[in-house]
Amino acid sequence: MKKISAPTLQEAITQAAIDFNCSVIDLEYEIIQQGSRGFLGIGKKPAIIVANVKNYQKFSTHAFEDIENHASNLTSMDKNFVSHYEKDLCIDSSYEDRESVHKDFTNGVQNIHKSSESYVAKSFVSFQEEKEDIEELCKNIEEELKKLLSFMPYEIDQVCVTPYDKQTLKIFLDGKDSALLIGEKGYRYKALSYLLFNWIWHQYHYNIRLEVAHFLQMQEEIVEQYIQNIQKDLQTSQTFKTKPLYGIFGVIMLKRLREIYPGRYITLKQEKNEQYIIISCTE
């Protein structure tokens with residue numbers, strides 16, 4: 001993860017893509033501070049984000065990929081090794097010489113296979129230790145989160161923390177007062193998500209995906225449907241303004257639109273008590 005500051009949010013995202021040497025669509029980021037131009041330079045604030053390259057793989061995947069790559073390299077070593085000794089065996093030499101070469105060849109192949117077995121064993125142990133570490137971390141966060149929720153006047157009886165991807169933890173909360181924890185238009189959910197992110201990121205260096213009674217999942221499904229409905233307008237208009245958005249809905253849509261249209265200028269605007277997204281359709 002890397003903290004990036006720039007005059008505008010779009011410039012911060014672009015700078016992140018340059019720093020990580022990847023496309024904007026391959027980034028995942030958390031907005032720490034929205035940029036502000038101020039008035040005549042007074043009150044000007046830079047846009048600040050915490051960014052990283054997306055990793056869609058689960059915790060177990062990368063360990064076994066290393067093993068597969070190593071096995072592939074060992075297979076190449078086997079072929080080179082066999083090719084080398086085949087040439088030696090084909091030369092015009094005495095029976096004793098050929099026997100000696102064959103013995104060296106056999107020992108060499110056995111050493112390669114032992115190396116492969118040792119690497120796989122060490123990688124598996126490393127994977128198991130990593131798995132145990134993250135499971136222990138999730139368990140600790142669960143306990144701390146239960147203590148935090150005990151100070152709130154809500155009945156939340158299900159608290160579960162699990163790995164979501166390599167750099168993100170999923171927090172699932174559910175109970176009789178789930179709707180109260182979400183709040184009107186999702187404002188309380190947004191505040192809780194921000195609070196938990198700041199705690200877990202600063203203490204454990206993990207992003208979070210907060211799910212309260214499947215609220216986030218339903219919001220994401222609504223966003224996908226709305227984006228499908230406006231795609232035709234996006235293709236025919238130079239600029240497009242969404243309907244008024246509230247709470248976490250605007251943040252989810254902003255992130256999704258930037259994933260779908262990485263080459264376009266997309267920003268979240270605030271007017272009085274309403275927020276909406278402006279999309280410049282010029283590539």
# chains A, B, ... in the order shown; residues from 1 in each chain; ligands from 1
>>> residues_around(residues="stretch 240-247 of chain A", least_positions_apart="3", cutoff="7 Å", atoms="only C-alpha atoms", output="VMD selection string")
chain A and resid 185 to 187 190 234 237 250 274 to 280
>>> write_last_selection(atoms="N, CA and C atoms", output="JSON list (two decimals), in the first residue's frame")
[["chain", "number", "residue", "atom", "x", "y", "z"],
["A", 185, "LYS", "N", -30.39, 6.06, 4.74],
["A", 185, "LYS", "CA", -29.61, 6.23, 3.51],
["A", 185, "LYS", "C", -28.17, 5.75, 3.64],
["A", 186, "GLY", "N", -27.90, 4.93, 4.66],
["A", 186, "GLY", "CA", -26.58, 4.33, 4.80],
["A", 186, "GLY", "C", -25.53, 5.23, 5.42],
["A", 187, "TYR", "N", -25.94, 6.36, 6.01],
["A", 187, "TYR", "CA", -24.96, 7.29, 6.57],
["A", 187, "TYR", "C", -24.22, 6.68, 7.77],
["A", 190, "LYS", "N", -21.68, 4.19, 6.58],
["A", 190, "LYS", "CA", -20.51, 4.86, 6.01],
["A", 190, "LYS", "C", -19.57, 5.34, 7.13],
["A", 234, "LEU", "N", -24.37, 7.22, -21.89],
["A", 234, "LEU", "CA", -22.94, 7.48, -21.82],
["A", 234, "LEU", "C", -22.29, 7.43, -23.20],
["A", 237, "SER", "N", -23.61, 10.88, -25.13],
["A", 237, "SER", "CA", -23.43, 12.21, -24.52],
["A", 237, "SER", "C", -21.96, 12.49, -24.27],
["A", 250, "GLY", "N", -23.17, 6.52, -3.51],
["A", 250, "GLY", "CA", -22.33, 7.32, -4.40],
["A", 250, "GLY", "C", -20.90, 6.84, -4.45],
["A", 274, "GLU", "N", -27.26, 17.04, -1.59],
["A", 274, "GLU", "CA", -27.27, 16.02, -2.64],
["A", 274, "GLU", "C", -25.87, 15.84, -3.22],
["A", 275, "GLN", "N", -25.58, 14.62, -3.63],
["A", 275, "GLN", "CA", -24.34, 14.35, -4.33],
["A", 275, "GLN", "C", -24.66, 13.57, -5.61],
["A", 276, "TYR", "N", -23.85, 13.77, -6.61],
["A", 276, "TYR", "CA", -24.04, 13.10, -7.88],
["A", 276, "TYR", "C", -22.69, 12.94, -8.56],
["A", 277, "ILE", "N", -22.66, 12.15, -9.61],
["A", 277, "ILE", "CA", -21.40, 11.87, -10.32],
["A", 277, "ILE", "C", -21.46, 12.48, -11.72],
["A", 278, "ILE", "N", -20.38, 13.18, -12.08],
["A", 278, "ILE", "CA", -20.22, 13.75, -13.42],
["A", 278, "ILE", "C", -19.26, 12.86, -14.19],
["A", 279, "ILE", "N", -19.65, 12.45, -15.40],
["A", 279, "ILE", "CA", -18.82, 11.57, -16.24],
["A", 279, "ILE", "C", -18.55, 12.28, -17.55],
["A", 280, "SER", "N", -17.28, 12.53, -17.83],
["A", 280, "SER", "CA", -16.88, 13.09, -19.12],
["A", 280, "SER", "C", -16.63, 11.92, -20.05]]
>>> residues_around(residues="A:Asp157", least_positions_apart="2", cutoff="7 Å", atoms="only C-alpha atoms", output="PyMOL selection string")
chain A and resi 155+159+174-175
>>> atom_distance(atom1="atom CA of A:Ser178", atom2="atom CA of A:Gln33")
28.2 Å
>>> closest_residue(among="A:Tyr261, A:Tyr189, A:Phe249, A:Tyr194", to="A:Ile222", atoms="only C-alpha atoms")
A:Phe249
>>> residues_around(residues="A:Gly35", least_positions_apart="4", cutoff="10 Å", atoms="only C-alpha atoms", output="list in words")
Ser5, Ala6, Pro7, Thr8, Leu9, Gln10, Ala12, Ile31, Lys44, Lys45, Pro46, Ala47 and Ile48 of chain A
